[in-house]
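What follows is a short report on a single structure.
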Amino acid sequence: MSPIQEPFADGVSLAHRLDPRGKIVVAGLFAVSVAVAQTYATALAGLALALVCLALARLPLKKVGARLLVVNAFIFFLWFILPLTYPGDAVWQFGPFTVSRQGLLYTGLITLKSNTIVIALIALIATAPVNTLGQALQRLRLPDKLCHLLLFTYRYLHVLELEFQRLVQALKIRGFHPGTNLHTYRTYAYLAAMLLVHSCDRADSVYRAMLCRGFHGKFYSLRIFSWQPRDRVFGAVSLLALAALLYLEWRGAGPL
Amino acid sequence: MSEPLIELQDITFSYPGAATPVFQDFNFQLLPGKHIGLIGPNGCGKTTLLHLIMGLLKPQAGKIVIFGQEVSKEKDFVAVRQKVGLLFQNPDDQLFCPTVLEDVAFGPLNQGKAPAEAIRIARETMAKLELEGFEDRVTYKLSGGEKKLVSLATVLAMQPQLLLLDEPTTGLDTDTKHRLVHLLQDLDIGYMIVSHEDAFLHHTVGECCHVHGHCCQPA
């Protein structure tokens with residue numbers, strides 16, 4: 001079992017076949033454009049674009065919905081706080097609480113923008129395996145260290161998880177029952193410390209094994225990314241769409 | 001008598017904080033074409049010996065000569081690692097690329113081979129180990145035995161002139177052990193094996209040596 005599930009990475013849709021480098025750049029620019037948008041027009045247009053991408057990726061909608069639910073669980077709390085604390089015209093009053101119109105609009109905009117960005121990221125970024133993304137980032141000239149960090153984190157999360165499970169099993173077979181007492185806290189502290197020590201050792205051993213195979217600070221990638229005509233079309237259409245978003249934003253500028 | 005492939009002279013080594021050194025004025029020789037098994041109780045320094053040879057650990061005193069060249073600095077050992085392959089005890093230490101093919105090609109790429117050439121070498125090596133079809137398997141999802149064989153492939157892909165194997169049979173089933181025995185018998189390079197399995201050593205090496213603190217004596 002993999003620690004990071006990648007339910008969307010496999011597929012043959014257009015979104016899966018696009019060059020990951022193009023997808024990363026477009027998704028990044030799109031996310032920033034939507035994130036800074038101040039008007040509903042821009043956010044809604046962005047949502048429409050994101051939905052088009054999602055349709056192109058032909059992902060199982062049920063799973064996409066499950067992901068969005070996680071995001072909206074966080075946003076859910078905003079609905080309790082922002083409308084009550086944002087200054088503006090009162091629409092509703094009960095006791096000491098005032099719900100402001102601006103607060104409601106603002107929270108709605110945040111909800112809309114977050115969902116839009118997550119949908120776009122699912123359609124464009126989650127449709128490539130993490131390994132491919134790491135290599136694509138490397139090709140985009142991101143600092144090697146950052147790319148290695150991503151790839152190694154992904155690779156060794158599983159090893160650490162196994163290590164953790166081994167330690168937990170060792171606790172269990174000796175009859176450990178967690179409770180609210182010092183013994184439990186001490187045991188958990190040992191567990192965390194041991195995991196840290198093991199991880200350090202593992203990192204050391206891996207580095208040694210890499211040295212033995214001639215590693216000298218540089219990774220070579222076997223993957224050959226090819227920039228196809230469809231990537232050119234995708235890039236051009238995306239740039240036009242982004243320009244349209246910016247135009248919408250510029251026309252309707254001004255907060256709410 | 002021909003020149004030894006590996007010669008350790010008066011090596012002293014102790015782990016930081018340890019009361020007694022692992023090696024004290026330790027001497028050891030590996031002659032060309034020899035296949036040696038290293039045996040001894042746990043903690044007697046078998047793995048340490050292999051790591052000293054690869055330059056992963058540095059002795060506090062003594063001289064290491066490999067292929068007739070004295071090696072002491074990191075730079076010297078970089079050259080050694082191009083010619084000597086080490087199979088680690090724990091394959092999880094050895095495999096770190098996402099897919100098997102990438103991991104096997106990692107060494108050849110570091111040696112400066114072009115990607116196409118590296119892939120060719122990787123595929124050939126894997127074919128030798130009957131690992132065809134494993135190219136796109138994800139390394140951490142392999143079984144224990146498969147990991148071990150893939151680790152061996154990653155080492156052999158560098159076409160070493162000498163092979164050091166640290167407990168290669170742990171976790172292998174009887175069939176896979178037999179495959180490993182045949183494989184080693186067919187290799188035309190020298191190798192040293194650390195193992196606790198007499199039967200395995202009996203089939204793969206000419207002589208066994210007991211590792212002690214001062215020397216390595218024929219058992």
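By order in the structure tokens, chains are A, B, ...; within a chain, residues start at 1; ligands start at 1, following the order shown.
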For this session: Taking only C-alpha atoms into account, report as a PyMOL selection string which residues of chain B lie within 9 Å of chain A.
Result: chain B and resi 54-56+78-82+84-88+92-98+101-102+105-111+115-116+118-119+139-141+154-155+158
Just the helix (DSSP H, G or I) stuff from region 99-168 of chain A, please, per backbone DSSP, written as a compact mmCIF listing (two decimals) with all heavy atoms, in the first residue's frame.
# COMPACT_ATOMS: atom_id res chain seq x y z
N ARG A 101 -23.57 41.89 5.21
CA ARG A 101 -23.74 41.52 3.79
C ARG A 101 -22.37 41.30 3.14
O ARG A 101 -22.13 40.31 2.46
CB ARG A 101 -24.50 42.64 3.07
CG ARG A 101 -24.98 42.28 1.67
CD ARG A 101 -25.77 43.43 1.08
NE ARG A 101 -24.91 44.59 0.87
CZ ARG A 101 -24.17 44.76 -0.25
NH1 ARG A 101 -24.21 43.87 -1.20
NH2 ARG A 101 -23.41 45.82 -0.38
N GLN A 102 -21.46 42.27 3.42
CA GLN A 102 -20.12 42.16 2.84
C GLN A 102 -19.42 40.88 3.29
O GLN A 102 -18.71 40.24 2.53
CB GLN A 102 -19.27 43.38 3.22
CG GLN A 102 -19.53 44.62 2.39
CD GLN A 102 -20.70 45.42 2.95
OE1 GLN A 102 -21.47 44.92 3.80
NE2 GLN A 102 -20.86 46.65 2.48
N GLY A 103 -19.65 40.55 4.57
CA GLY A 103 -19.02 39.34 5.12
C GLY A 103 -19.50 38.11 4.38
O GLY A 103 -18.72 37.23 4.01
N LEU A 104 -20.82 38.04 4.14
CA LEU A 104 -21.38 36.89 3.42
C LEU A 104 -20.81 36.79 2.01
O LEU A 104 -20.39 35.73 1.55
CB LEU A 104 -22.91 37.02 3.35
CG LEU A 104 -23.67 36.64 4.63
CD1 LEU A 104 -25.16 36.90 4.44
CD2 LEU A 104 -23.43 35.19 4.99
N LEU A 105 -20.79 37.96 1.33
CA LEU A 105 -20.27 37.98 -0.04
C LEU A 105 -18.81 37.54 -0.07
O LEU A 105 -18.37 36.78 -0.93
CB LEU A 105 -20.39 39.39 -0.63
CG LEU A 105 -21.79 39.79 -1.08
CD1 LEU A 105 -21.81 41.26 -1.50
CD2 LEU A 105 -22.25 38.92 -2.23
N TYR A 106 -18.06 38.05 0.90
CA TYR A 106 -16.63 37.75 0.96
C TYR A 106 -16.40 36.25 1.19
O TYR A 106 -15.59 35.62 0.51
CB TYR A 106 -16.01 38.57 2.09
CG TYR A 106 -14.50 38.61 2.05
CD1 TYR A 106 -13.84 38.96 0.88
CD2 TYR A 106 -13.75 38.33 3.19
CE1 TYR A 106 -12.46 39.02 0.84
CE2 TYR A 106 -12.37 38.39 3.16
CZ TYR A 106 -11.74 38.74 1.99
OH TYR A 106 -10.38 38.78 1.96
N THR A 107 -17.14 35.69 2.13
CA THR A 107 -16.98 34.26 2.41
C THR A 107 -17.38 33.42 1.19
O THR A 107 -16.73 32.44 0.86
CB THR A 107 -17.86 33.86 3.61
OG1 THR A 107 -17.76 34.86 4.61
CG2 THR A 107 -17.40 32.54 4.19
N GLY A 108 -18.46 33.88 0.53
CA GLY A 108 -18.89 33.17 -0.69
C GLY A 108 -17.80 33.18 -1.73
O GLY A 108 -17.50 32.15 -2.36
N LEU A 109 -17.16 34.33 -1.88
CA LEU A 109 -16.10 34.45 -2.88
C LEU A 109 -14.93 33.52 -2.55
O LEU A 109 -14.38 32.84 -3.43
CB LEU A 109 -15.63 35.91 -2.93
CG LEU A 109 -14.64 36.24 -4.06
CD1 LEU A 109 -15.28 36.00 -5.41
CD2 LEU A 109 -14.20 37.70 -3.96
N ILE A 110 -14.58 33.48 -1.26
CA ILE A 110 -13.47 32.61 -0.85
C ILE A 110 -13.81 31.15 -1.15
O ILE A 110 -13.01 30.39 -1.69
CB ILE A 110 -13.16 32.78 0.66
CG1 ILE A 110 -12.54 34.16 0.89
CG2 ILE A 110 -12.23 31.69 1.16
CD1 ILE A 110 -12.27 34.46 2.34
N THR A 111 -15.06 30.77 -0.82
CA THR A 111 -15.49 29.40 -1.07
C THR A 111 -15.39 29.07 -2.56
O THR A 111 -14.85 28.03 -2.96
CB THR A 111 -16.94 29.21 -0.61
OG1 THR A 111 -17.07 29.72 0.70
CG2 THR A 111 -17.34 27.76 -0.65
N LEU A 112 -15.88 29.99 -3.36
CA LEU A 112 -15.89 29.79 -4.81
C LEU A 112 -14.46 29.66 -5.34
O LEU A 112 -14.13 28.74 -6.10
CB LEU A 112 -16.60 30.98 -5.45
CG LEU A 112 -16.91 30.88 -6.94
CD1 LEU A 112 -17.83 29.70 -7.19
CD2 LEU A 112 -17.58 32.17 -7.42
N LYS A 113 -13.60 30.58 -4.89
CA LYS A 113 -12.22 30.59 -5.41
C LYS A 113 -11.46 29.33 -4.98
O LYS A 113 -10.75 28.72 -5.78
CB LYS A 113 -11.48 31.84 -4.91
CG LYS A 113 -12.01 33.12 -5.53
CD LYS A 113 -11.02 34.27 -5.45
CE LYS A 113 -10.74 34.70 -4.04
NZ LYS A 113 -9.90 35.92 -4.01
N SER A 114 -11.65 28.93 -3.72
CA SER A 114 -10.91 27.74 -3.24
C SER A 114 -11.32 26.52 -4.05
O SER A 114 -10.48 25.73 -4.49
CB SER A 114 -11.20 27.46 -1.77
OG SER A 114 -11.26 28.64 -1.07
N ASN A 115 -12.63 26.35 -4.23
CA ASN A 115 -13.09 25.18 -4.98
C ASN A 115 -12.58 25.21 -6.41
O ASN A 115 -12.18 24.20 -6.96
CB ASN A 115 -14.61 25.10 -4.94
CG ASN A 115 -15.10 24.51 -3.64
OD1 ASN A 115 -14.89 23.34 -3.37
ND2 ASN A 115 -15.70 25.34 -2.80
N THR A 116 -12.60 26.41 -7.00
CA THR A 116 -12.12 26.55 -8.38
C THR A 116 -10.67 26.10 -8.49
O THR A 116 -10.30 25.31 -9.36
CB THR A 116 -12.24 28.02 -8.82
OG1 THR A 116 -13.60 28.41 -8.71
CG2 THR A 116 -11.76 28.20 -10.24
N ILE A 117 -9.84 26.59 -7.56
CA ILE A 117 -8.41 26.27 -7.63
C ILE A 117 -8.19 24.78 -7.41
O ILE A 117 -7.42 24.13 -8.12
CB ILE A 117 -7.62 27.10 -6.58
CG1 ILE A 117 -7.66 28.57 -6.99
CG2 ILE A 117 -6.19 26.61 -6.48
CD1 ILE A 117 -7.06 29.52 -5.98
N VAL A 118 -8.92 24.21 -6.43
CA VAL A 118 -8.71 22.78 -6.16
C VAL A 118 -9.15 21.93 -7.35
O VAL A 118 -8.47 20.98 -7.73
CB VAL A 118 -9.46 22.36 -4.87
CG1 VAL A 118 -9.39 20.85 -4.69
CG2 VAL A 118 -8.86 23.05 -3.67
N ILE A 119 -10.27 22.31 -7.97
CA ILE A 119 -10.72 21.55 -9.14
C ILE A 119 -9.68 21.62 -10.25
O ILE A 119 -9.32 20.60 -10.86
CB ILE A 119 -12.09 22.09 -9.65
CG1 ILE A 119 -13.18 21.76 -8.64
CG2 ILE A 119 -12.44 21.48 -11.00
CD1 ILE A 119 -14.52 22.37 -8.96
N ALA A 120 -9.13 22.81 -10.48
CA ALA A 120 -8.12 22.95 -11.53
C ALA A 120 -6.89 22.12 -11.19
O ALA A 120 -6.31 21.46 -12.07
CB ALA A 120 -7.74 24.42 -11.69
N LEU A 121 -6.48 22.13 -9.93
CA LEU A 121 -5.29 21.36 -9.54
C LEU A 121 -5.54 19.86 -9.69
O LEU A 121 -4.67 19.12 -10.13
CB LEU A 121 -4.88 21.69 -8.10
CG LEU A 121 -4.28 23.08 -7.88
CD1 LEU A 121 -3.86 23.26 -6.43
CD2 LEU A 121 -3.09 23.31 -8.79
N ILE A 122 -6.76 19.42 -9.32
CA ILE A 122 -7.07 18.00 -9.49
C ILE A 122 -6.99 17.64 -10.97
O ILE A 122 -6.39 16.63 -11.35
CB ILE A 122 -8.48 17.68 -8.94
CG1 ILE A 122 -8.46 17.74 -7.41
CG2 ILE A 122 -8.94 16.30 -9.40
CD1 ILE A 122 -9.82 17.54 -6.77
N ALA A 123 -7.58 18.50 -11.82
CA ALA A 123 -7.63 18.18 -13.25
C ALA A 123 -6.25 18.23 -13.89
O ALA A 123 -5.94 17.43 -14.78
CB ALA A 123 -8.57 19.13 -13.96
N LEU A 124 -5.40 19.16 -13.46
CA LEU A 124 -4.13 19.35 -14.16
C LEU A 124 -2.94 18.71 -13.44
O LEU A 124 -2.06 18.12 -14.07
CB LEU A 124 -3.85 20.84 -14.35
CG LEU A 124 -4.83 21.56 -15.28
CD1 LEU A 124 -4.55 23.05 -15.31
CD2 LEU A 124 -4.76 20.98 -16.69
N VAL A 130 3.28 11.65 -8.84
CA VAL A 130 4.19 12.54 -8.12
C VAL A 130 5.60 12.49 -8.70
O VAL A 130 6.27 13.51 -8.86
CB VAL A 130 4.23 12.17 -6.62
CG1 VAL A 130 5.27 13.00 -5.90
CG2 VAL A 130 2.87 12.40 -5.98
N ASN A 131 6.03 11.27 -9.07
CA ASN A 131 7.38 11.13 -9.62
C ASN A 131 7.56 11.97 -10.88
O ASN A 131 8.56 12.64 -11.08
CB ASN A 131 7.65 9.68 -10.00
CG ASN A 131 7.48 8.79 -8.81
OD1 ASN A 131 7.80 9.20 -7.71
ND2 ASN A 131 6.96 7.60 -9.03
N THR A 132 6.55 11.89 -11.75
CA THR A 132 6.60 12.66 -12.99
C THR A 132 6.62 14.14 -12.70
O THR A 132 7.37 14.89 -13.31
CB THR A 132 5.36 12.32 -13.84
OG1 THR A 132 5.25 10.90 -13.91
CG2 THR A 132 5.49 12.88 -15.23
N LEU A 133 5.80 14.56 -11.72
CA LEU A 133 5.77 15.97 -11.36
C LEU A 133 7.16 16.43 -10.91
O LEU A 133 7.63 17.49 -11.31
CB LEU A 133 4.77 16.21 -10.23
CG LEU A 133 3.30 16.13 -10.63
CD1 LEU A 133 2.43 16.33 -9.40
CD2 LEU A 133 2.99 17.17 -11.68
N GLY A 134 7.80 15.60 -10.07
CA GLY A 134 9.13 15.96 -9.58
C GLY A 134 10.10 16.17 -10.73
O GLY A 134 10.85 17.14 -10.77
N GLN A 135 10.04 15.24 -11.68
CA GLN A 135 10.97 15.36 -12.82
C GLN A 135 10.61 16.53 -13.71
O GLN A 135 11.50 17.21 -14.24
CB GLN A 135 10.97 14.05 -13.59
CG GLN A 135 11.76 13.00 -12.84
CD GLN A 135 11.50 11.61 -13.34
OE1 GLN A 135 10.64 11.39 -14.18
NE2 GLN A 135 12.24 10.66 -12.81
N ALA A 136 9.30 16.79 -13.84
CA ALA A 136 8.88 17.93 -14.66
C ALA A 136 9.35 19.24 -14.02
O ALA A 136 9.84 20.13 -14.70
CB ALA A 136 7.37 17.93 -14.82
N LEU A 137 9.23 19.32 -12.68
CA LEU A 137 9.68 20.52 -11.98
C LEU A 137 11.18 20.73 -12.20
O LEU A 137 11.65 21.85 -12.36
CB LEU A 137 9.37 20.41 -10.49
CG LEU A 137 7.90 20.55 -10.12
CD1 LEU A 137 7.68 20.21 -8.66
CD2 LEU A 137 7.42 21.96 -10.41
N GLN A 138 11.90 19.60 -12.21
CA GLN A 138 13.34 19.67 -12.44
C GLN A 138 13.61 20.26 -13.83
O GLN A 138 14.49 21.07 -14.01
CB GLN A 138 13.92 18.27 -12.36
CG GLN A 138 15.25 18.21 -11.66
CD GLN A 138 15.63 16.79 -11.32
OE1 GLN A 138 14.81 15.87 -11.40
NE2 GLN A 138 16.86 16.58 -10.96
N ARG A 139 12.80 19.80 -14.80
CA ARG A 139 12.97 20.30 -16.17
C ARG A 139 12.58 21.77 -16.28
O ARG A 139 13.04 22.47 -17.17
CB ARG A 139 12.11 19.48 -17.14
CG ARG A 139 12.61 18.11 -17.37
CD ARG A 139 14.01 18.17 -17.94
NE ARG A 139 14.63 16.87 -17.85
CZ ARG A 139 14.44 15.90 -18.74
NH1 ARG A 139 13.67 16.11 -19.77
NH2 ARG A 139 15.03 14.75 -18.58
N ASP A 144 17.29 22.08 -7.86
CA ASP A 144 17.41 20.62 -7.71
C ASP A 144 17.01 20.16 -6.32
O ASP A 144 16.35 19.16 -6.15
CB ASP A 144 18.85 20.19 -7.99
CG ASP A 144 19.06 19.99 -9.49
OD1 ASP A 144 18.05 20.02 -10.22
OD2 ASP A 144 20.21 19.82 -9.91
N LYS A 145 17.46 20.93 -5.31
CA LYS A 145 17.24 20.51 -3.93
C LYS A 145 15.75 20.35 -3.63
O LYS A 145 15.33 19.41 -2.98
CB LYS A 145 17.86 21.51 -2.96
CG LYS A 145 19.32 21.23 -2.75
CD LYS A 145 19.94 22.09 -1.69
CE LYS A 145 21.44 21.84 -1.68
NZ LYS A 145 22.20 22.97 -1.22
N LEU A 146 14.95 21.30 -4.12
CA LEU A 146 13.51 21.24 -3.86
C LEU A 146 12.91 20.01 -4.53
O LEU A 146 12.09 19.30 -3.94
CB LEU A 146 12.83 22.51 -4.39
CG LEU A 146 13.04 23.77 -3.55
CD1 LEU A 146 12.28 24.93 -4.17
CD2 LEU A 146 12.56 23.53 -2.13
N CYS A 147 13.32 19.75 -5.76
CA CYS A 147 12.78 18.60 -6.50
C CYS A 147 13.16 17.30 -5.79
O CYS A 147 12.34 16.38 -5.65
CB CYS A 147 13.29 18.57 -7.92
SG CYS A 147 12.89 20.06 -8.83
N HIS A 148 14.42 17.22 -5.35
CA HIS A 148 14.86 16.01 -4.66
C HIS A 148 14.07 15.82 -3.37
O HIS A 148 13.71 14.70 -3.02
CB HIS A 148 16.35 16.08 -4.34
CG HIS A 148 17.19 16.15 -5.56
ND1 HIS A 148 18.53 16.45 -5.54
CD2 HIS A 148 16.88 15.96 -6.85
CE1 HIS A 148 19.00 16.45 -6.77
NE2 HIS A 148 18.01 16.15 -7.59
N LEU A 149 13.82 16.93 -2.70
CA LEU A 149 13.07 16.88 -1.46
C LEU A 149 11.70 16.27 -1.71
O LEU A 149 11.25 15.38 -0.97
CB LEU A 149 12.92 18.30 -0.91
CG LEU A 149 12.80 18.45 0.59
CD1 LEU A 149 13.99 17.84 1.28
CD2 LEU A 149 12.68 19.92 0.95
N LEU A 150 11.06 16.71 -2.77
CA LEU A 150 9.73 16.18 -3.12
C LEU A 150 9.81 14.69 -3.42
O LEU A 150 9.05 13.88 -2.87
CB LEU A 150 9.18 16.94 -4.33
CG LEU A 150 7.85 16.42 -4.87
CD1 LEU A 150 6.72 16.79 -3.92
CD2 LEU A 150 7.56 16.97 -6.26
N LEU A 151 10.77 14.32 -4.27
CA LEU A 151 10.86 12.92 -4.69
C LEU A 151 11.21 12.01 -3.52
O LEU A 151 10.64 10.93 -3.36
CB LEU A 151 11.91 12.77 -5.80
CG LEU A 151 11.49 13.37 -7.14
CD1 LEU A 151 12.64 13.37 -8.13
CD2 LEU A 151 10.31 12.61 -7.72
N PHE A 152 12.15 12.44 -2.68
CA PHE A 152 12.57 11.61 -1.55
C PHE A 152 11.48 11.51 -0.50
O PHE A 152 11.29 10.46 0.10
CB PHE A 152 13.85 12.16 -0.92
CG PHE A 152 15.08 11.67 -1.61
CD1 PHE A 152 15.74 12.47 -2.51
CD2 PHE A 152 15.55 10.39 -1.37
CE1 PHE A 152 16.87 12.01 -3.17
CE2 PHE A 152 16.67 9.93 -2.02
CZ PHE A 152 17.33 10.74 -2.93
N THR A 153 10.79 12.63 -0.27
CA THR A 153 9.69 12.59 0.70
C THR A 153 8.68 11.55 0.26
O THR A 153 8.25 10.70 1.04
CB THR A 153 8.98 13.96 0.77
OG1 THR A 153 9.96 14.94 1.01
CG2 THR A 153 7.96 13.97 1.86
N TYR A 154 8.36 11.59 -1.02
CA TYR A 154 7.39 10.66 -1.56
C TYR A 154 7.89 9.22 -1.41
O TYR A 154 7.17 8.33 -0.97
CB TYR A 154 7.15 10.99 -3.03
CG TYR A 154 6.23 10.02 -3.70
CD1 TYR A 154 4.90 9.96 -3.33
CD2 TYR A 154 6.69 9.17 -4.69
CE1 TYR A 154 4.05 9.08 -3.93
CE2 TYR A 154 5.84 8.29 -5.30
CZ TYR A 154 4.51 8.24 -4.92
OH TYR A 154 3.68 7.36 -5.49
N ARG A 155 9.15 9.01 -1.76
CA ARG A 155 9.71 7.66 -1.72
C ARG A 155 9.78 7.11 -0.29
O ARG A 155 9.50 5.95 -0.03
CB ARG A 155 11.10 7.67 -2.35
CG ARG A 155 11.96 6.45 -2.11
CD ARG A 155 11.40 5.22 -2.80
NE ARG A 155 12.19 4.04 -2.51
CZ ARG A 155 12.07 3.31 -1.42
NH1 ARG A 155 11.18 3.64 -0.52
NH2 ARG A 155 12.81 2.25 -1.24
N TYR A 156 10.16 7.95 0.66
CA TYR A 156 10.45 7.41 1.99
C TYR A 156 9.32 7.52 3.00
O TYR A 156 9.42 6.96 4.08
CB TYR A 156 11.75 8.01 2.54
CG TYR A 156 12.88 7.25 1.92
CD1 TYR A 156 13.57 7.72 0.84
CD2 TYR A 156 13.17 5.96 2.37
CE1 TYR A 156 14.53 6.97 0.23
CE2 TYR A 156 14.13 5.21 1.77
CZ TYR A 156 14.81 5.71 0.70
OH TYR A 156 15.75 4.95 0.09
N LEU A 157 8.23 8.20 2.61
CA LEU A 157 7.07 8.22 3.49
C LEU A 157 6.64 6.80 3.80
O LEU A 157 6.32 6.45 4.93
CB LEU A 157 5.92 8.96 2.82
CG LEU A 157 5.73 10.40 3.22
CD1 LEU A 157 4.52 10.98 2.52
CD2 LEU A 157 5.55 10.51 4.72
N HIS A 158 6.67 5.98 2.77
CA HIS A 158 6.22 4.60 2.93
C HIS A 158 7.14 3.83 3.88
O HIS A 158 6.68 3.11 4.76
CB HIS A 158 6.19 3.93 1.56
CG HIS A 158 5.68 2.53 1.60
ND1 HIS A 158 4.42 2.23 2.05
CD2 HIS A 158 6.25 1.36 1.27
CE1 HIS A 158 4.23 0.93 1.98
NE2 HIS A 158 5.34 0.37 1.52
N VAL A 159 8.44 4.01 3.70
CA VAL A 159 9.40 3.34 4.57
C VAL A 159 9.19 3.76 6.01
O VAL A 159 9.18 2.94 6.93
CB VAL A 159 10.84 3.64 4.12
CG1 VAL A 159 11.84 2.99 5.06
CG2 VAL A 159 11.07 3.16 2.71
N LEU A 160 8.98 5.07 6.21
CA LEU A 160 8.77 5.56 7.57
C LEU A 160 7.47 5.01 8.15
O LEU A 160 7.42 4.66 9.32
CB LEU A 160 8.71 7.09 7.58
CG LEU A 160 10.05 7.76 7.38
CD1 LEU A 160 9.89 9.26 7.45
CD2 LEU A 160 11.03 7.29 8.43
N GLU A 161 6.45 4.91 7.30
CA GLU A 161 5.19 4.38 7.78
C GLU A 161 5.37 2.93 8.24
O GLU A 161 4.88 2.53 9.29
CB GLU A 161 4.15 4.46 6.66
CG GLU A 161 2.75 4.21 7.16
CD GLU A 161 1.80 3.82 6.04
OE1 GLU A 161 2.21 3.86 4.86
OE2 GLU A 161 0.67 3.46 6.36
N LEU A 162 6.11 2.15 7.42
CA LEU A 162 6.36 0.76 7.80
C LEU A 162 7.13 0.69 9.11
O LEU A 162 6.84 -0.14 9.98
CB LEU A 162 7.16 0.05 6.70
CG LEU A 162 6.38 -0.30 5.44
CD1 LEU A 162 7.27 -1.07 4.48
CD2 LEU A 162 5.16 -1.14 5.80
N GLU A 163 8.13 1.57 9.22
CA GLU A 163 8.95 1.62 10.44
C GLU A 163 8.05 1.90 11.65
O GLU A 163 8.15 1.26 12.69
CB GLU A 163 9.96 2.76 10.28
CG GLU A 163 11.15 2.67 11.18
CD GLU A 163 12.19 1.72 10.64
OE1 GLU A 163 12.70 1.96 9.53
OE2 GLU A 163 12.46 0.73 11.33
N PHE A 164 7.15 2.86 11.46
CA PHE A 164 6.22 3.24 12.51
C PHE A 164 5.34 2.05 12.88
O PHE A 164 5.15 1.74 14.06
CB PHE A 164 5.36 4.41 12.03
CG PHE A 164 4.27 4.80 12.98
CD1 PHE A 164 4.57 5.46 14.16
CD2 PHE A 164 2.95 4.51 12.70
CE1 PHE A 164 3.57 5.83 15.04
CE2 PHE A 164 1.94 4.86 13.58
CZ PHE A 164 2.26 5.52 14.75
N GLN A 165 4.84 1.35 11.87
CA GLN A 165 3.96 0.22 12.15
C GLN A 165 4.71 -0.89 12.89
O GLN A 165 4.17 -1.55 13.77
CB GLN A 165 3.36 -0.32 10.86
CG GLN A 165 2.14 0.49 10.44
CD GLN A 165 1.73 0.23 9.02
OE1 GLN A 165 2.34 -0.59 8.33
NE2 GLN A 165 0.72 0.94 8.57
N ARG A 166 5.97 -1.09 12.50
CA ARG A 166 6.79 -2.10 13.18
C ARG A 166 6.92 -1.77 14.67
O ARG A 166 6.77 -2.62 15.54
CB ARG A 166 8.17 -2.17 12.55
CG ARG A 166 8.41 -3.44 11.76
CD ARG A 166 9.88 -3.67 11.52
NE ARG A 166 10.51 -2.59 10.79
CZ ARG A 166 10.53 -2.51 9.46
NH1 ARG A 166 9.94 -3.42 8.74
NH2 ARG A 166 11.13 -1.51 8.86
N LEU A 167 7.19 -0.48 14.94
CA LEU A 167 7.34 -0.06 16.32
C LEU A 167 6.03 -0.23 17.08
O LEU A 167 6.01 -0.68 18.23
CB LEU A 167 7.79 1.41 16.38
CG LEU A 167 9.22 1.67 15.93
CD1 LEU A 167 9.48 3.16 15.79
CD2 LEU A 167 10.21 1.07 16.91
N VAL A 168 4.92 0.13 16.43
CA VAL A 168 3.63 0.00 17.08
C VAL A 168 3.34 -1.47 17.38
O VAL A 168 2.84 -1.82 18.45
CB VAL A 168 2.51 0.62 16.20
CG1 VAL A 168 1.14 0.25 16.72
CG2 VAL A 168 2.67 2.13 16.15
Exercise. Do you know which residues are at most 7 Å from Leu8 (chain B) counting only C-alpha atoms, after dropping those on the same chain fewer than 3 positions away, and could you put them as a list in words?
Worked result: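 Close residues of Leu8 (chain B): Ile11, Asn27, Phe28, Gln29, Lys63, Ile64 and Val65 of chain B.
Interatomic distance, CA of Gly190 (chain B) to CA of Gly45 (chain B): 20.8 Å.
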Contacts of Leu239 (chain A) at 12 Å (only C-alpha atoms; same-chain gap of 4+ positions) as a PDB file with C-alpha atoms, in the first residue's frame:
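So result36.pdb came out as:
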ATOM      1  CA  GLY A  22       2.802  22.748 -19.483  1.00  0.00           C
ATOM      2  CA  LYS A  23       0.196  21.605 -16.992  1.00  0.00           C
ATOM      3  CA  VAL A  25       2.865  26.235 -15.512  1.00  0.00           C
ATOM      4  CA  VAL A  26      -0.764  26.710 -16.520  1.00  0.00           C
ATOM      5  CA  ALA A  27      -2.088  25.426 -13.186  1.00  0.00           C
ATOM      6  CA  LEU A  29      -0.669  30.841 -13.290  1.00  0.00           C
ATOM      7  CA  PHE A  30      -4.349  29.935 -13.076  1.00  0.00           C
ATOM      8  CA  SER A  33      -4.972  34.609 -11.105  1.00  0.00           C
ATOM      9  CA  LEU A  49     -12.605  26.974 -16.951  1.00  0.00           C
ATOM     10  CA  ARG A 232       1.051  23.920 -27.953  1.00  0.00           C
ATOM     11  CA  VAL A 233      -2.727  24.183 -28.449  1.00  0.00           C
ATOM     12  CA  PHE A 234      -3.299  23.697 -24.708  1.00  0.00           C
ATOM     13  CA  GLY A 235      -0.726  26.367 -23.900  1.00  0.00           C
ATOM     14  CA  ALA A 243      -5.906  36.849 -20.406  1.00  0.00           C
ATOM     15  CA  ALA A 244      -9.719  36.799 -20.482  1.00  0.00           C
ATOM     16  CA  LEU A 245      -9.791  36.242 -16.705  1.00  0.00           C
ATOM     17  CA  LEU A 246      -7.463  39.175 -16.143  1.00  0.00           C
TER      18      LEU A 246
END
Give one line per residue of region 14-81 of chain B that approaches region 195-211 of chain B to at most 7 Å, naming the two atoms of the closest pair and their distance in Å to one decimal, counting only C-alpha atoms; sort by chain then ascending residue number and deliver it as JSON lines.
{"residue": "B:His35", "atom": "CA", "partner": "B:Val205", "partner_atom": "CA", "distance": 4.8}
{"residue": "B:Ile36", "atom": "CA", "partner": "B:Val205", "partner_atom": "CA", "distance": 5.3}
{"residue": "B:Gly37", "atom": "CA", "partner": "B:Cys208", "partner_atom": "CA", "distance": 4.4}
{"residue": "B:Leu38", "atom": "CA", "partner": "B:Cys209", "partner_atom": "CA", "distance": 5.1}
{"residue": "B:Ile39", "atom": "CA", "partner": "B:His210", "partner_atom": "CA", "distance": 5.0}
{"residue": "B:Gly40", "atom": "CA", "partner": "B:His210", "partner_atom": "CA", "distance": 5.3}
{"residue": "B:Cys44", "atom": "CA", "partner": "B:Val211", "partner_atom": "CA", "distance": 6.5}
{"residue": "B:Gly45", "atom": "CA", "partner": "B:Val211", "partner_atom": "CA", "distance": 6.9}
{"residue": "B:Lys46", "atom": "CA", "partner": "B:Val211", "partner_atom": "CA", "distance": 6.5}
